[in-house]
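Here the structure comes first, spelled out in structure tokens, and everything after it is commentary.
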Amino acid sequence: MTVASDTAVERPTTSPRPSLLRAESRRFIHRRFIQILLAGVLVGSATAAIIMSFQFAKTTPELLAQAKQQQEAAVAEQNGYRADCVKMLAPTANAEEACGPLATVNDYGDVTNFLPKHPYVFATGMPDLAVGVGAVVACIAFLVGATWVGAEWSSKSMVALLFWEPRRVRVIAAKLGTLVAAMAVLAAVVQLSWTAVGRLLGSARGTTGVPVDFWGELLATQGRIVLLVVLAALAGFALANLVRNTGAALGIAFVVLAMVESAVRALEPSWQQWLFTDNAMALVLPQGYTIRYLQDTSFNGEPTEIFLSHWHGGLFLGGTVGVALILGTWLFRRRDLT
Amino acid sequence: MAVIDIATSVCQSVPTMAVIEVVQAHKSYRRARKLPTMAVDGLDLLVEQGGVHGFLGPNGSGKTTTIRMLLGLVRPDSGELRIFDKAVPEYLPQVIAGVGALVETPLFYPRFSGRLNLTLLADVAGVPAARVEECLELVDLRDRAADRYKGYSLGMKQRLGIAAALLKNPRLLILDEPTNGLDPAGIREVRELIRRLGREGRTTVCLSSHLLGEVQQVCDSVTILSHGRRVASGRVCEVLSAGGIADVRLRVPEHVRGGEVLVAAGFSVTDAGDTWLVHDVPDAAAITRVLADAGHFVRELTPVAPDLESVFLQLTGDGPDEKPEVAP
Ligand SMILES: Nc1ncnc2c1ncn2[C@@H]1O[C@H](COP(=O)(O)OP(=O)(O)O)[C@@H](O)[C@H]1O
Ligand SMILES: [Mg+2]
């Protein structure tokens, strides 16, 4: 220790303003875990896009003609078998009954079924793509949210911060604010990038034509996906803050999502409307989500349907996450930190 | 045994203003399925501005709990606490900018470098980046500032903790057993730093310790705690001399007869094997004179530094019997 140097420095007038948010953002971008996850998202997205580009192909008139030929060949082949069948029949037998009706091209569905690779239809493929990618990002967001505050508890730096900002609610709010902003940006950037990828796939390997209200609906879906991602991050945060441990939070999440929810689905299907996964689907799927299950165990009769709207999903998820957050913050506020 | 070195300035009086005031604070920790632990039990405390003030007490006497209450980490059951004349924890946000603290072990992000850890705190407090470098320099960590905190030695971790506490250039610096786990060189450095900060006069340093010698070396004033209560306070030299600590260890060639001479001369002595412990000696020269007059020659004469136990015995008539420590 250099005992001779002088500590009594007057604080220069250019001192930066105290900012918990600046500290939290700095911490966020320096976290190795988050850097690795972001790199993973990037590499994963690129890989998936490349794989998809090999799975689809544009339809050309030649390919279509080829497909048509194959379809007709299939019909001819089928009718050949039928002719053999009819030949062996007794003259009195009913050919229709014994060997089936004459095959037509309509029995083989659309001619595109005979294409070696399907074209990518942007108008129908994009909404599914958005939801699928959103689900992956939501899982990542949960992980980020849980470790984001779990690391604070394991290194006890949550306590150290209070030497600098004793207002505990502010400390939590800064962490939440950083998390929400970062995850919203991540979700939005991923959606935007994948919309571009979908568009590119459409123009290079399929079609890009869309119905009139397509973009508005896609944007609404993607907006709800961003909301789901943020809610997932907050859920991870709230859970890890309640149990003060990342590992325990992830364990609880696994048990609830993988075991409790499956058990409920099997044993008490009418409760599905209060499950996280069903409500998450209700929130993001373009038409909401309809639960269908059979009332009686003989598997006869009409299935019962419960429709979950976007609002149902959003309010349920938002409500539970909100309660967990408030409870965690309240406990943190009054807790003795030793 | 180290010879006590009380700085000459210790007993001079300094102008006063209360930096920390605690009145009748109580705190018991409630734990599931266990009896509550009374950690602080009617504590009164007054720390005046300037210099180095010691909280001296054995493990479990409530030093850390008191500091945690002052910093708003632990809620007192009752009592008044003030820092810079403002009630805490209510007005802590107003005074925290002037308070730097290191409580028990430093708490940093293990995977971040020392520099990044300090930079994060500098962001929170609005301290310029240059100050981070100054503080790293001050604790001699500039060379290792880019390394992960996880890889630091115990002493380096402690020093980074002190650097963090100094970051705000605080008017009040609270250090809770800062030399714990340091090697002798590290201990000396930390003690020198504390003494220097105290001398500069801008910062009031509160140092908690269970080591009497440490308090004697670096503190101007002291509060002695036992079982969560104040048992003595004042200038270090006054408090410790009130404890009757002027024992002297004596070795003479003729052990038994030397002792007899001293007893005959009215000294109170204890036989310690091949040496004598002579109690309450105002002036060691008196011993040499009496012995020389009787034809005995002194082979060794050492002032004995009192240990915490004996001071406690004197002050409370009660040893500092340790309550069981709980793992946090
Ligand atoms: N978190 C805690 N829970 C329960 N008891 C505690 C806790 N922290 C400290 N104690 C108890 O409070 C008493 C005072 O502890 P502490 O303030 O740490 O003393 P010191 O710092 O002087 O060693 C001890 O008996 C200790 O066991
Ligand atoms: Mg302690």
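Chain labels follow the order of the structure tokens: the first chain is A, the next B, and so on; residue numbering restarts at 1 in every chain, and ligands are counted from 1 in their shown order.
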### Task
Give the residues close to ligand 2, within 12 Å, counting only C-alpha atoms and all ligand atoms; write them as a PyMOL selection string.
(chain A and resi 338) or (chain B and resi 39+55-68+102-105+175-180+207-211+225+228+325-328)
Compile a residue-level contact table for chain B against chain A at a cut-off of 7 Å, reporting for every qualifying residue the shortest atom pair and its distance in Å to one decimal, with only C-alpha atoms counted, rows ordered by chain and ascending number, as JSON lines.
{"residue": "B:Leu71", "atom": "CA", "partner": "A:Phe163", "partner_atom": "CA", "distance": 6.8}
{"residue": "B:Gly72", "atom": "CA", "partner": "A:Pro166", "partner_atom": "CA", "distance": 6.9}
{"residue": "B:Leu73", "atom": "CA", "partner": "A:Leu337", "partner_atom": "CA", "distance": 5.2}
{"residue": "B:Val74", "atom": "CA", "partner": "A:Asp336", "partner_atom": "CA", "distance": 4.5}
{"residue": "B:Arg75", "atom": "CA", "partner": "A:Asp336", "partner_atom": "CA", "distance": 6.4}
{"residue": "B:Leu92", "atom": "CA", "partner": "A:Pro166", "partner_atom": "CA", "distance": 6.8}
{"residue": "B:Pro93", "atom": "CA", "partner": "A:Pro166", "partner_atom": "CA", "distance": 6.0}
{"residue": "B:Ile96", "atom": "CA", "partner": "A:Trp164", "partner_atom": "CA", "distance": 6.7}
{"residue": "B:Ala101", "atom": "CA", "partner": "A:Phe163", "partner_atom": "CA", "distance": 6.9}
{"residue": "B:Leu107", "atom": "CA", "partner": "A:Ser157", "partner_atom": "CA", "distance": 5.3}
{"residue": "B:Phe108", "atom": "CA", "partner": "A:Ser157", "partner_atom": "CA", "distance": 5.6}
{"residue": "B:Tyr109", "atom": "CA", "partner": "A:Ser155", "partner_atom": "CA", "distance": 5.9}
{"residue": "B:Leu120", "atom": "CA", "partner": "A:Ala23", "partner_atom": "CA", "distance": 4.9}
{"residue": "B:Asp123", "atom": "CA", "partner": "A:Ala23", "partner_atom": "CA", "distance": 5.1}
{"residue": "B:Val124", "atom": "CA", "partner": "A:Leu20", "partner_atom": "CA", "distance": 4.8}
{"residue": "B:Ala125", "atom": "CA", "partner": "A:Pro18", "partner_atom": "CA", "distance": 4.7}
{"residue": "B:Gly126", "atom": "CA", "partner": "A:Pro18", "partner_atom": "CA", "distance": 3.6}
{"residue": "B:Val127", "atom": "CA", "partner": "A:Ser15", "partner_atom": "CA", "distance": 5.9}
{"residue": "B:Pro128", "atom": "CA", "partner": "A:Ser15", "partner_atom": "CA", "distance": 5.3}
{"residue": "B:Leu138", "atom": "CA", "partner": "A:Thr2", "partner_atom": "CA", "distance": 5.6}
{"residue": "B:Val139", "atom": "CA", "partner": "A:Met1", "partner_atom": "CA", "distance": 4.6}
{"residue": "B:Asp140", "atom": "CA", "partner": "A:Met1", "partner_atom": "CA", "distance": 4.8}
{"residue": "B:Glu189", "atom": "CA", "partner": "A:Met1", "partner_atom": "CA", "distance": 6.0}
{"residue": "B:Leu193", "atom": "CA", "partner": "A:Val3", "partner_atom": "CA", "distance": 6.1}
{"residue": "B:Pro328", "atom": "CA", "partner": "A:Thr338", "partner_atom": "CA", "distance": 6.9}
### Query
Using the chain letters and numbers from this document, which residues of stretch 118-324 of chain A does DSSP assign to strand (DSSP E), as a list in words?
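DSSP on the backbone gives strand (DSSP E) at Tyr120, Val121, Gly206, Thr207, Tyr289, Thr290, Ile291, Arg292, Tyr293, Thr304, Glu305, Ile306, Phe307 and Leu308 of chain A.
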All heavy atoms of the current selection, written as a compact mmCIF listing (two decimals), in the first residue's frame:
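Saved the output as again00.txt:
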# COMPACT_ATOMS: atom_id res chain seq x y z
N TYR A 120 -41.13 -22.12 -50.07
CA TYR A 120 -41.42 -21.48 -48.78
C TYR A 120 -42.48 -20.42 -49.01
O TYR A 120 -42.26 -19.43 -49.71
CB TYR A 120 -40.16 -20.85 -48.19
CG TYR A 120 -40.43 -20.29 -46.82
CD1 TYR A 120 -40.49 -21.14 -45.72
CD2 TYR A 120 -40.65 -18.93 -46.64
CE1 TYR A 120 -40.77 -20.64 -44.47
CE2 TYR A 120 -40.93 -18.43 -45.39
CZ TYR A 120 -40.99 -19.28 -44.30
OH TYR A 120 -41.28 -18.80 -43.07
N VAL A 121 -43.64 -20.62 -48.37
CA VAL A 121 -44.73 -19.66 -48.54
C VAL A 121 -44.68 -18.68 -47.37
O VAL A 121 -45.07 -19.01 -46.25
CB VAL A 121 -46.09 -20.38 -48.61
CG1 VAL A 121 -47.21 -19.37 -48.83
CG2 VAL A 121 -46.09 -21.42 -49.70
N GLY A 206 -39.31 -19.59 -52.58
CA GLY A 206 -40.76 -19.77 -52.54
C GLY A 206 -41.49 -18.53 -52.99
O GLY A 206 -41.11 -17.91 -53.97
N THR A 207 -42.48 -18.16 -52.24
CA THR A 207 -43.31 -17.02 -52.64
C THR A 207 -43.37 -15.99 -51.52
O THR A 207 -43.25 -16.32 -50.33
CB THR A 207 -44.75 -17.46 -52.92
OG1 THR A 207 -45.27 -18.08 -51.73
CG2 THR A 207 -44.81 -18.45 -54.06
N TYR A 289 -55.82 -19.51 -28.17
CA TYR A 289 -55.59 -20.95 -28.07
C TYR A 289 -56.84 -21.61 -27.53
O TYR A 289 -57.46 -21.15 -26.58
CB TYR A 289 -54.42 -21.20 -27.12
CG TYR A 289 -54.08 -22.66 -26.94
CD1 TYR A 289 -53.69 -23.44 -28.02
CD2 TYR A 289 -54.13 -23.24 -25.68
CE1 TYR A 289 -53.37 -24.78 -27.86
CE2 TYR A 289 -53.80 -24.58 -25.50
CZ TYR A 289 -53.43 -25.34 -26.60
OH TYR A 289 -53.10 -26.65 -26.43
N THR A 290 -57.21 -22.71 -28.19
CA THR A 290 -58.40 -23.43 -27.75
C THR A 290 -57.99 -24.79 -27.17
O THR A 290 -57.33 -25.58 -27.85
CB THR A 290 -59.37 -23.65 -28.92
OG1 THR A 290 -59.66 -22.37 -29.49
CG2 THR A 290 -60.66 -24.27 -28.42
N ILE A 291 -58.35 -24.99 -25.91
CA ILE A 291 -58.07 -26.28 -25.28
C ILE A 291 -59.22 -27.22 -25.63
O ILE A 291 -60.38 -26.85 -25.50
CB ILE A 291 -58.01 -26.11 -23.75
CG1 ILE A 291 -56.93 -25.10 -23.36
CG2 ILE A 291 -57.78 -27.44 -23.07
CD1 ILE A 291 -57.04 -24.66 -21.91
N ARG A 292 -58.87 -28.42 -26.09
CA ARG A 292 -59.91 -29.40 -26.39
C ARG A 292 -59.63 -30.65 -25.58
O ARG A 292 -58.51 -31.13 -25.55
CB ARG A 292 -59.88 -29.78 -27.87
CG ARG A 292 -60.40 -28.70 -28.77
CD ARG A 292 -60.58 -29.19 -30.21
NE ARG A 292 -60.99 -28.06 -31.02
CZ ARG A 292 -60.13 -27.15 -31.49
NH1 ARG A 292 -58.85 -27.28 -31.25
NH2 ARG A 292 -60.56 -26.12 -32.20
N TYR A 293 -60.65 -31.14 -24.91
CA TYR A 293 -60.46 -32.41 -24.20
C TYR A 293 -61.79 -33.13 -24.11
O TYR A 293 -62.86 -32.52 -24.24
CB TYR A 293 -59.85 -32.20 -22.81
CG TYR A 293 -60.71 -31.37 -21.88
CD1 TYR A 293 -61.60 -31.99 -21.00
CD2 TYR A 293 -60.66 -29.98 -21.90
CE1 TYR A 293 -62.39 -31.24 -20.16
CE2 TYR A 293 -61.45 -29.23 -21.07
CZ TYR A 293 -62.31 -29.85 -20.19
OH TYR A 293 -63.09 -29.12 -19.37
N THR A 304 -64.86 -31.20 -25.22
CA THR A 304 -65.16 -29.91 -24.62
C THR A 304 -64.10 -28.91 -25.07
O THR A 304 -62.93 -29.28 -25.20
CB THR A 304 -65.10 -30.02 -23.08
OG1 THR A 304 -65.90 -31.13 -22.70
CG2 THR A 304 -65.61 -28.74 -22.41
N GLU A 305 -64.50 -27.69 -25.31
CA GLU A 305 -63.55 -26.68 -25.77
C GLU A 305 -63.51 -25.52 -24.80
O GLU A 305 -64.54 -25.07 -24.31
CB GLU A 305 -63.95 -26.16 -27.15
CG GLU A 305 -63.83 -27.21 -28.23
CD GLU A 305 -63.90 -26.61 -29.62
OE1 GLU A 305 -64.34 -25.44 -29.73
OE2 GLU A 305 -63.51 -27.30 -30.58
N ILE A 306 -62.32 -25.07 -24.49
CA ILE A 306 -62.18 -23.83 -23.71
C ILE A 306 -61.31 -22.90 -24.53
O ILE A 306 -60.18 -23.25 -24.89
CB ILE A 306 -61.49 -24.07 -22.34
CG1 ILE A 306 -62.25 -25.12 -21.54
CG2 ILE A 306 -61.40 -22.76 -21.56
CD1 ILE A 306 -61.55 -25.50 -20.24
N PHE A 307 -61.86 -21.75 -24.85
CA PHE A 307 -61.08 -20.80 -25.64
C PHE A 307 -60.34 -19.83 -24.73
O PHE A 307 -60.91 -19.23 -23.83
CB PHE A 307 -62.01 -20.02 -26.58
CG PHE A 307 -61.28 -18.92 -27.30
CD1 PHE A 307 -60.32 -19.22 -28.27
CD2 PHE A 307 -61.52 -17.59 -26.98
CE1 PHE A 307 -59.63 -18.21 -28.92
CE2 PHE A 307 -60.83 -16.57 -27.63
CZ PHE A 307 -59.89 -16.89 -28.61
N LEU A 308 -59.04 -19.73 -24.92
CA LEU A 308 -58.23 -18.77 -24.17
C LEU A 308 -57.83 -17.64 -25.11
O LEU A 308 -57.15 -17.88 -26.11
CB LEU A 308 -56.97 -19.43 -23.60
CG LEU A 308 -57.16 -20.67 -22.72
CD1 LEU A 308 -55.81 -21.14 -22.18
CD2 LEU A 308 -58.10 -20.37 -21.56
### Message
Quick check for you: according to DSSP on this backbone, which residues of stretch 185-235 of chain B are classed as alpha helix (DSSP H)? Reply as an MDAnalysis selection string.
### Response
chainID B and resid 185:200 212:218
I need the residues from that last selection saved to file as a PDB file, in the first residue's frame (with C-alpha atoms), if you can.
ATOM      1  CA  ALA B 185       2.873  -7.474   6.087  1.00  0.00           C
ATOM      2  CA  GLY B 186      -0.692  -6.938   4.934  1.00  0.00           C
ATOM      3  CA  ILE B 187      -1.807  -6.252   8.476  1.00  0.00           C
ATOM      4  CA  ARG B 188       0.882  -3.636   8.906  1.00  0.00           C
ATOM      5  CA  GLU B 189      -0.031  -1.947   5.638  1.00  0.00           C
ATOM      6  CA  VAL B 190      -3.712  -1.790   6.470  1.00  0.00           C
ATOM      7  CA  ARG B 191      -3.010  -0.436   9.938  1.00  0.00           C
ATOM      8  CA  GLU B 192      -0.694   2.218   8.527  1.00  0.00           C
ATOM      9  CA  LEU B 193      -3.303   3.234   5.993  1.00  0.00           C
ATOM     10  CA  ILE B 194      -5.951   3.530   8.693  1.00  0.00           C
ATOM     11  CA  ARG B 195      -3.685   5.585  10.920  1.00  0.00           C
ATOM     12  CA  ARG B 196      -2.807   7.883   8.061  1.00  0.00           C
ATOM     13  CA  LEU B 197      -6.455   8.407   7.112  1.00  0.00           C
ATOM     14  CA  GLY B 198      -7.227   9.159  10.731  1.00  0.00           C
ATOM     15  CA  ARG B 199      -4.381  11.655  10.987  1.00  0.00           C
ATOM     16  CA  GLU B 200      -5.396  13.500   7.833  1.00  0.00           C
ATOM     17  CA  LEU B 212      -6.645  -5.292  21.700  1.00  0.00           C
ATOM     18  CA  GLY B 213      -3.193  -4.721  20.239  1.00  0.00           C
ATOM     19  CA  GLU B 214      -4.679  -3.531  16.983  1.00  0.00           C
ATOM     20  CA  VAL B 215      -6.879  -1.012  18.720  1.00  0.00           C
ATOM     21  CA  GLN B 216      -3.950   0.195  20.792  1.00  0.00           C
ATOM     22  CA  GLN B 217      -1.833   0.613  17.705  1.00  0.00           C
ATOM     23  CA  VAL B 218      -4.213   2.504  15.501  1.00  0.00           C
TER      24      VAL B 218
END
### Task
Using only C-alpha atoms, determine which residues lie at most 9 Å from A:Ala324, disregarding the query and same-chain residues fewer than 2 positions distant; provide the list as a PyMOL selection string.
chain A and resi 235+238-239+242+319-322+326-329
